[in-house]
>>> print(open('upload.pdb').read())   # PDB, C-alpha atoms, pLDDT in the B column
MODEL        1
ATOM      1  CA  MET A  14       0.000   0.000   0.000  1.00 54.00           C
ATOM      2  CA  ARG A  15       1.575   3.236  -1.131  1.00 66.00           C
ATOM      3  CA  ASN A  16       1.472   6.324   1.001  1.00 72.00           C
ATOM      4  CA  LYS A  17      -1.323   8.505  -0.422  1.00 77.00           C
ATOM      5  CA  LYS A  18       0.147  11.729   0.953  1.00 83.00           C
ATOM      6  CA  LEU A  19       3.308  11.531  -1.110  1.00 86.00           C
ATOM      7  CA  ILE A  20       3.745  12.772  -4.652  1.00 86.00           C
ATOM      8  CA  PRO A  21       2.905   9.818  -6.947  1.00 86.00           C
ATOM      9  CA  PHE A  22       5.756   8.113  -8.730  1.00 86.00           C
ATOM     10  CA  GLU A  23       4.421   8.990 -12.189  1.00 86.00           C
ATOM     11  CA  VAL A  24       4.492  12.700 -11.382  1.00 87.00           C
ATOM     12  CA  ILE A  25       8.023  12.470 -10.011  1.00 87.00           C
ATOM     13  CA  GLU A  26       9.145  10.741 -13.185  1.00 87.00           C
ATOM     14  CA  LYS A  27       7.691  13.516 -15.344  1.00 87.00           C
ATOM     15  CA  ALA A  28       8.979  16.313 -13.130  1.00 88.00           C
ATOM     16  CA  VAL A  29      12.533  14.978 -13.193  1.00 88.00           C
ATOM     17  CA  ALA A  30      12.268  14.720 -16.980  1.00 88.00           C
ATOM     18  CA  GLY A  31      11.474  18.452 -16.956  1.00 86.00           C
ATOM     19  CA  GLU A  32       7.770  18.553 -17.745  1.00 88.00           C
ATOM     20  CA  PRO A  33       6.422  21.955 -16.663  1.00 89.00           C
ATOM     21  CA  GLU A  34       3.045  20.676 -15.477  1.00 90.00           C
ATOM     22  CA  ALA A  35       4.582  18.043 -13.231  1.00 89.00           C
ATOM     23  CA  ILE A  36       7.085  20.546 -11.824  1.00 89.00           C
ATOM     24  CA  GLY A  37       4.147  22.852 -11.138  1.00 90.00           C
ATOM     25  CA  LEU A  38       2.456  20.069  -9.207  1.00 89.00           C
ATOM     26  CA  VAL A  39       5.569  19.467  -7.100  1.00 89.00           C
ATOM     27  CA  LEU A  40       5.886  23.185  -6.391  1.00 90.00           C
ATOM     28  CA  GLN A  41       2.241  23.293  -5.395  1.00 90.00           C
ATOM     29  CA  TYR A  42       2.707  20.302  -3.115  1.00 91.00           C
ATOM     30  CA  TYR A  43       5.587  22.020  -1.351  1.00 90.00           C
ATOM     31  CA  SER A  44       4.147  25.551  -1.326  1.00 90.00           C
ATOM     32  CA  PRO A  45       2.999  25.397   2.319  1.00 90.00           C
ATOM     33  CA  ARG A  46       6.445  24.215   3.330  1.00 90.00           C
ATOM     34  CA  ILE A  47       8.096  26.941   1.230  1.00 89.00           C
ATOM     35  CA  LYS A  48       5.867  29.536   2.835  1.00 88.00           C
ATOM     36  CA  TYR A  49       6.699  28.228   6.273  1.00 89.00           C
ATOM     37  CA  LEU A  50      10.434  28.261   5.559  1.00 88.00           C
ATOM     38  CA  SER A  51      10.415  31.720   3.993  1.00 86.00           C
ATOM     39  CA  LYS A  52       9.196  33.344   7.187  1.00 84.00           C
ATOM     40  CA  TYR A  53      11.898  35.758   8.200  1.00 78.00           C
ATOM     41  CA  ARG A  54      11.423  37.709  11.429  1.00 76.00           C
ATOM     42  CA  GLY A  55       7.770  36.714  11.572  1.00 78.00           C
ATOM     43  CA  HIS A  56       6.884  37.725   8.028  1.00 80.00           C
ATOM     44  CA  ILE A  57       6.885  35.846   4.759  1.00 81.00           C
ATOM     45  CA  ASN A  58       9.798  37.230   2.810  1.00 81.00           C
ATOM     46  CA  ASP A  59       9.101  37.216  -0.930  1.00 85.00           C
ATOM     47  CA  ASP A  60      12.782  37.239  -1.850  1.00 85.00           C
ATOM     48  CA  ILE A  61      13.468  34.132   0.187  1.00 87.00           C
ATOM     49  CA  GLN A  62      10.332  32.499  -1.205  1.00 89.00           C
ATOM     50  CA  ASP A  63      11.471  33.083  -4.777  1.00 90.00           C
ATOM     51  CA  ARG A  64      14.892  31.748  -3.945  1.00 88.00           C
ATOM     52  CA  LEU A  65      13.497  28.592  -2.426  1.00 90.00           C
ATOM     53  CA  LYS A  66      11.287  27.996  -5.453  1.00 91.00           C
ATOM     54  CA  THR A  67      14.145  28.374  -7.918  1.00 91.00           C
ATOM     55  CA  GLN A  68      16.373  26.171  -5.793  1.00 90.00           C
ATOM     56  CA  LEU A  69      13.710  23.484  -5.643  1.00 90.00           C
ATOM     57  CA  ILE A  70      13.189  23.531  -9.423  1.00 91.00           C
ATOM     58  CA  LYS A  71      16.938  23.332  -9.968  1.00 90.00           C
ATOM     59  CA  ALA A  72      17.176  20.418  -7.562  1.00 90.00           C
ATOM     60  CA  ILE A  73      14.231  18.499  -9.037  1.00 89.00           C
ATOM     61  CA  LEU A  74      16.001  18.377 -12.384  1.00 89.00           C
ATOM     62  CA  GLN A  75      19.086  16.950 -10.689  1.00 87.00           C
ATOM     63  CA  PHE A  76      17.246  14.184  -8.849  1.00 86.00           C
ATOM     64  CA  ARG A  77      18.613  10.730  -9.718  1.00 84.00           C
ATOM     65  CA  PHE A  78      16.681   7.485  -9.493  1.00 80.00           C
ATOM     66  CA  ASP A  79      19.616   5.164  -9.045  1.00 75.00           C
ATOM     67  CA  ARG A  80      20.457   6.266  -5.547  1.00 62.00           C
TER      68      ARG A  80
ATOM     69  CA  MET B  77       9.861   0.159 -18.398  1.00 66.00           C
ATOM     70  CA  ILE B  78       7.844  -1.384 -15.611  1.00 76.00           C
ATOM     71  CA  TYR B  79       8.793  -0.744 -12.025  1.00 78.00           C
ATOM     72  CA  SER B  80       7.710  -2.735  -9.015  1.00 84.00           C
ATOM     73  CA  GLU B  81       5.397  -1.178  -6.464  1.00 83.00           C
ATOM     74  CA  GLU B  82       8.139  -1.305  -3.867  1.00 84.00           C
ATOM     75  CA  TYR B  83      10.552   0.545  -6.080  1.00 85.00           C
ATOM     76  CA  LYS B  84       7.943   3.223  -6.783  1.00 84.00           C
ATOM     77  CA  GLU B  85       7.250   3.610  -3.100  1.00 86.00           C
ATOM     78  CA  HIS B  86      10.952   3.801  -2.390  1.00 87.00           C
ATOM     79  CA  ILE B  87      11.383   6.551  -4.981  1.00 86.00           C
ATOM     80  CA  GLU B  88       8.423   8.483  -3.599  1.00 87.00           C
ATOM     81  CA  TYR B  89       9.920   8.514  -0.133  1.00 88.00           C
ATOM     82  CA  THR B  90      13.372   9.293  -1.443  1.00 88.00           C
ATOM     83  CA  PHE B  91      12.048  12.175  -3.509  1.00 88.00           C
ATOM     84  CA  ALA B  92      10.102  13.587  -0.569  1.00 89.00           C
ATOM     85  CA  ALA B  93      13.178  13.439   1.653  1.00 90.00           C
ATOM     86  CA  PHE B  94      15.317  14.907  -1.114  1.00 90.00           C
ATOM     87  CA  CYS B  95      12.981  17.887  -1.599  1.00 90.00           C
ATOM     88  CA  LYS B  96      12.783  18.431   2.142  1.00 91.00           C
ATOM     89  CA  VAL B  97      16.555  18.573   2.460  1.00 92.00           C
ATOM     90  CA  VAL B  98      16.894  20.833  -0.581  1.00 91.00           C
ATOM     91  CA  LEU B  99      14.348  23.284   0.787  1.00 91.00           C
ATOM     92  CA  HIS B 100      15.884  23.217   4.239  1.00 92.00           C
ATOM     93  CA  ASN B 101      19.375  23.890   2.924  1.00 92.00           C
ATOM     94  CA  ALA B 102      18.164  26.616   0.584  1.00 91.00           C
ATOM     95  CA  ALA B 103      16.305  28.264   3.457  1.00 90.00           C
ATOM     96  CA  MET B 104      19.393  28.162   5.694  1.00 91.00           C
ATOM     97  CA  THR B 105      21.484  29.759   2.962  1.00 91.00           C
ATOM     98  CA  ALA B 106      18.813  32.395   2.401  1.00 89.00           C
ATOM     99  CA  TYR B 107      18.606  33.253   6.114  1.00 88.00           C
ATOM    100  CA  ARG B 108      22.379  33.535   6.300  1.00 90.00           C
ATOM    101  CA  ASP B 109      22.569  35.825   3.268  1.00 88.00           C
ATOM    102  CA  PHE B 110      19.734  37.997   4.519  1.00 86.00           C
ATOM    103  CA  GLY B 111      21.270  38.261   7.954  1.00 86.00           C
ATOM    104  CA  ARG B 112      24.554  39.381   6.444  1.00 89.00           C
ATOM    105  CA  LYS B 113      22.822  41.905   4.222  1.00 86.00           C
ATOM    106  CA  GLN B 114      20.827  43.346   7.131  1.00 84.00           C
ATOM    107  CA  LYS B 115      23.945  43.657   9.235  1.00 85.00           C
ATOM    108  CA  ARG B 116      25.566  45.889   6.647  1.00 85.00           C
ATOM    109  CA  GLU B 117      22.522  47.665   5.308  1.00 83.00           C
ATOM    110  CA  VAL B 118      21.885  51.149   6.710  1.00 79.00           C
ATOM    111  CA  SER B 119      18.987  53.353   5.753  1.00 78.00           C
ATOM    112  CA  LEU B 120      19.734  56.584   3.931  1.00 77.00           C
ATOM    113  CA  GLU B 121      17.837  58.625   6.523  1.00 77.00           C
ATOM    114  CA  TYR B 122      20.037  57.243   9.269  1.00 77.00           C
ATOM    115  CA  LEU B 123      23.129  58.119   7.225  1.00 74.00           C
ATOM    116  CA  ILE B 124      21.991  61.706   6.743  1.00 74.00           C
ATOM    117  CA  SER B 125      20.969  62.307  10.353  1.00 76.00           C
ATOM    118  CA  GLU B 126      23.608  60.347  12.269  1.00 73.00           C
ATOM    119  CA  THR B 127      26.914  60.649  10.451  1.00 69.00           C
ATOM    120  CA  PRO B 128      29.222  63.478  11.507  1.00 71.00           C
ATOM    121  CA  PHE B 129      30.276  64.152   7.924  1.00 71.00           C
ATOM    122  CA  GLU B 130      28.052  65.023   4.998  1.00 70.00           C
ATOM    123  CA  PRO B 131      27.114  61.852   3.117  1.00 66.00           C
ATOM    124  CA  PHE B 132      27.165  63.763  -0.171  1.00 71.00           C
ATOM    125  CA  THR B 133      29.187  66.470  -1.869  1.00 74.00           C
ATOM    126  CA  THR B 134      28.159  69.526  -3.818  1.00 75.00           C
ATOM    127  CA  ASP B 135      30.137  70.592  -6.826  1.00 71.00           C
ATOM    128  CA  ILE B 136      31.569  74.098  -6.702  1.00 68.00           C
ATOM    129  CA  TYR B 137      31.885  76.044  -9.906  1.00 64.00           C
ATOM    130  CA  PHE B 138      34.031  79.103 -10.631  1.00 56.00           C
ATOM    131  CA  GLU B 139      35.187  79.351  -7.042  1.00 57.00           C
ATOM    132  CA  GLN B 140      38.547  77.684  -6.978  1.00 54.00           C
ATOM    133  CA  TYR B 141      39.755  79.861  -9.856  1.00 55.00           C
ATOM    134  CA  ASP B 142      40.575  83.456  -8.953  1.00 58.00           C
ATOM    135  CA  GLN B 143      40.300  85.082 -12.369  1.00 62.00           C
ATOM    136  CA  PRO B 144      38.482  83.398 -15.213  1.00 64.00           C
ATOM    137  CA  THR B 145      40.026  84.251 -18.549  1.00 70.00           C
ATOM    138  CA  ILE B 146      37.822  85.502 -21.347  1.00 72.00           C
ATOM    139  CA  PHE B 147      38.428  84.777 -24.999  1.00 74.00           C
ATOM    140  CA  VAL B 148      36.408  86.489 -27.699  1.00 75.00           C
ATOM    141  CA  ILE B 149      35.534  84.330 -30.691  1.00 71.00           C
ATOM    142  CA  LYS B 150      33.134  85.455 -33.439  1.00 73.00           C
ATOM    143  CA  GLY B 151      31.854  88.262 -31.233  1.00 72.00           C
ATOM    144  CA  GLN B 152      30.985  85.854 -28.416  1.00 75.00           C
ATOM    145  CA  GLU B 153      32.723  85.770 -25.090  1.00 75.00           C
ATOM    146  CA  ILE B 154      33.950  82.408 -23.899  1.00 74.00           C
ATOM    147  CA  VAL B 155      34.866  82.130 -20.243  1.00 76.00           C
ATOM    148  CA  VAL B 156      37.640  79.676 -19.448  1.00 75.00           C
ATOM    149  CA  ALA B 157      37.562  79.092 -15.720  1.00 71.00           C
ATOM    150  CA  SER B 158      40.626  76.890 -15.429  1.00 73.00           C
ATOM    151  CA  LYS B 159      43.766  78.968 -15.187  1.00 74.00           C
ATOM    152  CA  ARG B 160      45.867  76.098 -16.367  1.00 77.00           C
ATOM    153  CA  LEU B 161      43.846  75.653 -19.543  1.00 79.00           C
ATOM    154  CA  ALA B 162      43.638  79.390 -20.167  1.00 79.00           C
ATOM    155  CA  ASN B 163      47.403  79.799 -19.917  1.00 79.00           C
ATOM    156  CA  ALA B 164      47.995  77.008 -22.361  1.00 81.00           C
ATOM    157  CA  LEU B 165      45.317  78.335 -24.717  1.00 81.00           C
ATOM    158  CA  SER B 166      46.834  81.811 -24.778  1.00 81.00           C
ATOM    159  CA  LYS B 167      50.094  80.282 -25.977  1.00 81.00           C
ATOM    160  CA  LEU B 168      48.417  78.917 -29.110  1.00 81.00           C
ATOM    161  CA  SER B 169      48.174  80.939 -32.296  1.00 84.00           C
ATOM    162  CA  GLU B 170      44.942  82.837 -32.904  1.00 82.00           C
ATOM    163  CA  GLN B 171      43.748  80.535 -35.652  1.00 83.00           C
ATOM    164  CA  ARG B 172      44.433  77.277 -33.835  1.00 86.00           C
ATOM    165  CA  ARG B 173      42.658  78.559 -30.766  1.00 84.00           C
ATOM    166  CA  ASN B 174      39.671  79.577 -32.848  1.00 84.00           C
ATOM    167  CA  VAL B 175      39.457  76.142 -34.415  1.00 85.00           C
ATOM    168  CA  LEU B 176      39.441  74.511 -30.997  1.00 84.00           C
ATOM    169  CA  PHE B 177      36.759  76.835 -29.679  1.00 83.00           C
ATOM    170  CA  LEU B 178      34.605  76.403 -32.745  1.00 84.00           C
ATOM    171  CA  TYR B 179      34.816  72.642 -32.435  1.00 86.00           C
ATOM    172  CA  PHE B 180      34.436  72.149 -28.702  1.00 85.00           C
ATOM    173  CA  PHE B 181      32.368  75.160 -27.594  1.00 81.00           C
ATOM    174  CA  PHE B 182      30.241  76.007 -30.629  1.00 82.00           C
ATOM    175  CA  GLY B 183      29.773  72.398 -31.660  1.00 82.00           C
ATOM    176  CA  TYR B 184      30.902  72.967 -35.246  1.00 83.00           C
ATOM    177  CA  THR B 185      31.749  69.999 -37.415  1.00 85.00           C
ATOM    178  CA  ASP B 186      35.034  69.789 -39.285  1.00 86.00           C
ATOM    179  CA  ALA B 187      33.264  70.636 -42.535  1.00 86.00           C
ATOM    180  CA  GLN B 188      31.674  73.749 -41.014  1.00 85.00           C
ATOM    181  CA  ILE B 189      35.015  74.934 -39.665  1.00 85.00           C
ATOM    182  CA  GLY B 190      36.535  74.406 -43.074  1.00 86.00           C
ATOM    183  CA  LYS B 191      33.803  76.501 -44.682  1.00 86.00           C
ATOM    184  CA  GLU B 192      34.492  79.284 -42.174  1.00 82.00           C
ATOM    185  CA  TYR B 193      38.041  79.547 -43.498  1.00 85.00           C
ATOM    186  CA  GLY B 194      37.302  78.550 -47.079  1.00 88.00           C
ATOM    187  CA  ARG B 195      39.194  75.287 -46.717  1.00 87.00           C
ATOM    188  CA  ASN B 196      38.564  71.586 -46.883  1.00 86.00           C
ATOM    189  CA  ARG B 197      37.070  69.377 -44.142  1.00 88.00           C
ATOM    190  CA  SER B 198      40.300  67.424 -43.850  1.00 89.00           C
ATOM    191  CA  THR B 199      42.302  70.628 -43.485  1.00 89.00           C
ATOM    192  CA  ALA B 200      40.093  71.671 -40.590  1.00 87.00           C
ATOM    193  CA  ASN B 201      40.557  68.243 -39.050  1.00 90.00           C
ATOM    194  CA  TYR B 202      44.320  68.589 -39.363  1.00 90.00           C
ATOM    195  CA  TRP B 203      44.222  72.037 -37.748  1.00 89.00           C
ATOM    196  CA  LYS B 204      42.175  70.641 -34.898  1.00 89.00           C
ATOM    197  CA  LEU B 205      44.529  67.737 -34.275  1.00 91.00           C
ATOM    198  CA  ALA B 206      47.594  69.951 -34.522  1.00 90.00           C
ATOM    199  CA  ALA B 207      46.038  72.459 -32.128  1.00 90.00           C
ATOM    200  CA  LEU B 208      45.213  69.710 -29.628  1.00 90.00           C
ATOM    201  CA  LYS B 209      48.715  68.353 -29.862  1.00 91.00           C
ATOM    202  CA  GLN B 210      50.219  71.765 -29.286  1.00 90.00           C
ATOM    203  CA  LEU B 211      47.799  72.437 -26.439  1.00 88.00           C
ATOM    204  CA  ARG B 212      48.867  69.228 -24.754  1.00 90.00           C
ATOM    205  CA  LYS B 213      52.513  70.167 -25.164  1.00 89.00           C
ATOM    206  CA  GLU B 214      51.917  73.626 -23.733  1.00 87.00           C
ATOM    207  CA  MET B 215      50.043  72.254 -20.749  1.00 86.00           C
ATOM    208  CA  GLU B 216      52.750  69.720 -20.037  1.00 87.00           C
ATOM    209  CA  ARG B 217      55.392  72.426 -20.311  1.00 87.00           C
ATOM    210  CA  LEU B 218      53.500  74.731 -17.968  1.00 83.00           C
ATOM    211  CA  ASP B 219      53.005  71.920 -15.460  1.00 81.00           C
ATOM    212  CA  HIS B 220      56.670  71.145 -15.641  1.00 83.00           C
ATOM    213  CA  GLU B 221      57.621  74.769 -15.021  1.00 81.00           C
ATOM    214  CA  GLU B 222      55.268  74.930 -12.076  1.00 75.00           C
ATOM    215  CA  GLN B 223      56.814  71.817 -10.590  1.00 77.00           C
ATOM    216  CA  LYS B 224      60.244  73.293 -11.050  1.00 75.00           C
ATOM    217  CA  ALA B 225      59.159  76.490  -9.319  1.00 73.00           C
ATOM    218  CA  ASP B 226      57.781  74.456  -6.435  1.00 69.00           C
ATOM    219  CA  THR B 227      60.989  72.580  -5.813  1.00 67.00           C
ATOM    220  CA  PHE B 228      63.109  75.716  -5.511  1.00 62.00           C
TER     221      PHE B 228
ENDMDL
END
>>> encode(input="upload.pdb", output="structure tokens")
Amino acid sequence: MRNKKLIPFEVIEKAVAGEPEAIGLVLQYYSPRIKYLSKYRGHINDDIQDRLKTQLIKAILQFRFDR
Amino acid sequence: MIYSEEYKEHIEYTFAAFCKVVLHNAAMTAYRDFGRKQKREVSLEYLISETPFEPFTTDIYFEQYDQPTIFVIKGQEIVVASKRLANALSKLSEQRRNVLFLYFFFGYTDAQIGKEYGRNRSTANYWKLAALKQLRKEMERLDHEEQKADTF
């Protein structure tokens, strides 16, 4: 039984291959976490939020299945 | 390619952990950079009100020169504020000086200067270059003399 809360394998496969829709889904999935992490001195900092998003997209494309 | 359910599940968990770590690290880097920036950043208002010196400068015109020199070209007075430049200019011949003024102050082109004297465009260009060369020489000579005078 697969964990329903996680991003499905098919989406991960597409996102790593660089499909914009799948990457959008991943970003959406992590948006609450990004918002939580980009709180700086009690406020959501847009600069940090943008940085986190770009970093995540960069990292998704570097994800490797064989590890 | 067909993957087993276990493999898919494994990848899902791995990917989730991977993203979590990426976001965490990126956030830490971002906090660090922002902290550094805020440490060094000072508002302009604070600079203006708190610093003992003026945070800006105002340019002063015509004050550091005691007597501006006036040249008359084509019935128009040209004020040369720099004494150094004026001295060097006065050493040039009338015509060479006029060519320089026409070019740099009146905005004439080479062709227009040539017309003024009934000569070619290239002749005017030559005059201009020769005048500039001589001007440079004169200025260097004057500087040199000044230096000499200072050392004695």
>>> interface_residues(input="upload.pdb", of="chain A", to="chain B", cutoff="9 Å", atoms="only C-alpha atoms", output="PDB file with C-alpha atoms, in the frame of the given file")
ATOM      1  CA  MET A  14       0.000   0.000   0.000  1.00 54.00           C
ATOM      2  CA  ARG A  15       1.575   3.236  -1.131  1.00 66.00           C
ATOM      3  CA  ASN A  16       1.472   6.324   1.001  1.00 72.00           C
ATOM      4  CA  LEU A  19       3.308  11.531  -1.110  1.00 86.00           C
ATOM      5  CA  ILE A  20       3.745  12.772  -4.652  1.00 86.00           C
ATOM      6  CA  PRO A  21       2.905   9.818  -6.947  1.00 86.00           C
ATOM      7  CA  PHE A  22       5.756   8.113  -8.730  1.00 86.00           C
ATOM      8  CA  GLU A  23       4.421   8.990 -12.189  1.00 86.00           C
ATOM      9  CA  ILE A  25       8.023  12.470 -10.011  1.00 87.00           C
ATOM     10  CA  TYR A  43       5.587  22.020  -1.351  1.00 90.00           C
ATOM     11  CA  ARG A  46       6.445  24.215   3.330  1.00 90.00           C
ATOM     12  CA  ILE A  47       8.096  26.941   1.230  1.00 89.00           C
ATOM     13  CA  LEU A  50      10.434  28.261   5.559  1.00 88.00           C
ATOM     14  CA  SER A  51      10.415  31.720   3.993  1.00 86.00           C
ATOM     15  CA  TYR A  53      11.898  35.758   8.200  1.00 78.00           C
ATOM     16  CA  ASP A  60      12.782  37.239  -1.850  1.00 85.00           C
ATOM     17  CA  ILE A  61      13.468  34.132   0.187  1.00 87.00           C
ATOM     18  CA  GLN A  62      10.332  32.499  -1.205  1.00 89.00           C
ATOM     19  CA  ARG A  64      14.892  31.748  -3.945  1.00 88.00           C
ATOM     20  CA  LEU A  65      13.497  28.592  -2.426  1.00 90.00           C
ATOM     21  CA  LYS A  66      11.287  27.996  -5.453  1.00 91.00           C
ATOM     22  CA  GLN A  68      16.373  26.171  -5.793  1.00 90.00           C
ATOM     23  CA  LEU A  69      13.710  23.484  -5.643  1.00 90.00           C
ATOM     24  CA  ALA A  72      17.176  20.418  -7.562  1.00 90.00           C
ATOM     25  CA  ILE A  73      14.231  18.499  -9.037  1.00 89.00           C
ATOM     26  CA  PHE A  76      17.246  14.184  -8.849  1.00 86.00           C
ATOM     27  CA  PHE A  78      16.681   7.485  -9.493  1.00 80.00           C
ATOM     28  CA  ARG A  80      20.457   6.266  -5.547  1.00 62.00           C
TER      29      ARG A  80
END
>>> residues_around(input="upload.pdb", residues="Pro33 in chain A", least_positions_apart="6", cutoff="12 Å", atoms="all atoms listed in the file", output="MDAnalysis selection string")
chainID A and resid 24:25 27 39:40 70 73:74
>>> atom_distance(input="upload.pdb", atom1="CA of Asp63 in chain A", atom2="CA of Arg116 in chain B")
22.2 Å
>>> atom_distance(input="upload.pdb", atom1="CA of Glu170 in chain B", atom2="CA of Phe147 in chain B")
10.4 Å
>>> atom_distance(input="upload.pdb", atom1="CA of Gln75 in chain A", atom2="CA of Ser80 in chain B")
22.8 Å
>>> closest_residue(input="upload.pdb", among="B:Phe129, B:Leu218, B:Thr134, B:Lys213", to="Asn163 in chain B", atoms="only C-alpha atoms")
B:Leu218
>>> build_atoms(input="upload.pdb", residues="range 35-50 of chain A", atoms="N, CA and C atoms", output="mmCIF file, keeping the file's coordinate frame")
data_model
loop_
_atom_site.group_PDB
_atom_site.id
_atom_site.type_symbol
_atom_site.label_atom_id
_atom_site.label_comp_id
_atom_site.auth_asym_id
_atom_site.auth_seq_id
_atom_site.Cartn_x
_atom_site.Cartn_y
_atom_site.Cartn_z
ATOM 1 N N ALA A 35 4.215 18.878 -14.375
ATOM 2 C CA ALA A 35 4.582 18.043 -13.231
ATOM 3 C C ALA A 35 5.381 18.867 -12.219
ATOM 4 N N ILE A 36 6.301 19.702 -12.729
ATOM 5 C CA ILE A 36 7.085 20.546 -11.824
ATOM 6 C C ILE A 36 6.156 21.489 -11.067
ATOM 7 N N GLY A 37 5.138 21.993 -11.792
ATOM 8 C CA GLY A 37 4.147 22.852 -11.138
ATOM 9 C C GLY A 37 3.449 22.129 -10.005
ATOM 10 N N LEU A 38 3.120 20.862 -10.248
ATOM 11 C CA LEU A 38 2.456 20.069 -9.207
ATOM 12 C C LEU A 38 3.351 19.919 -7.976
ATOM 13 N N VAL A 39 4.629 19.633 -8.222
ATOM 14 C CA VAL A 39 5.569 19.467 -7.100
ATOM 15 C C VAL A 39 5.664 20.767 -6.314
ATOM 16 N N LEU A 40 5.784 21.879 -7.059
ATOM 17 C CA LEU A 40 5.886 23.185 -6.391
ATOM 18 C C LEU A 40 4.657 23.447 -5.533
ATOM 19 N N GLN A 41 3.489 23.073 -6.122
ATOM 20 C CA GLN A 41 2.241 23.293 -5.395
ATOM 21 C C GLN A 41 2.222 22.453 -4.120
ATOM 22 N N TYR A 42 2.681 21.214 -4.265
ATOM 23 C CA TYR A 42 2.707 20.302 -3.115
ATOM 24 C C TYR A 42 3.560 20.885 -1.993
ATOM 25 N N TYR A 43 4.671 21.518 -2.379
ATOM 26 C CA TYR A 43 5.587 22.020 -1.351
ATOM 27 C C TYR A 43 5.345 23.474 -0.972
ATOM 28 N N SER A 44 4.316 24.111 -1.581
ATOM 29 C CA SER A 44 4.147 25.551 -1.326
ATOM 30 C C SER A 44 3.900 25.881 0.151
ATOM 31 N N PRO A 45 3.135 25.059 0.903
ATOM 32 C CA PRO A 45 2.999 25.397 2.319
ATOM 33 C C PRO A 45 4.337 25.362 3.050
ATOM 34 N N ARG A 46 5.139 24.348 2.692
ATOM 35 C CA ARG A 46 6.445 24.215 3.330
ATOM 36 C C ARG A 46 7.348 25.403 2.978
ATOM 37 N N ILE A 47 7.292 25.797 1.671
ATOM 38 C CA ILE A 47 8.096 26.941 1.230
ATOM 39 C C ILE A 47 7.673 28.190 1.991
ATOM 40 N N LYS A 48 6.365 28.353 2.128
ATOM 41 C CA LYS A 48 5.867 29.536 2.835
ATOM 42 C C LYS A 48 6.340 29.524 4.275
ATOM 43 N N TYR A 49 6.278 28.343 4.879
ATOM 44 C CA TYR A 49 6.699 28.228 6.273
ATOM 45 C C TYR A 49 8.183 28.560 6.418
ATOM 46 N N LEU A 50 8.988 28.052 5.471
ATOM 47 C CA LEU A 50 10.434 28.261 5.559
ATOM 48 C C LEU A 50 10.830 29.697 5.218
#
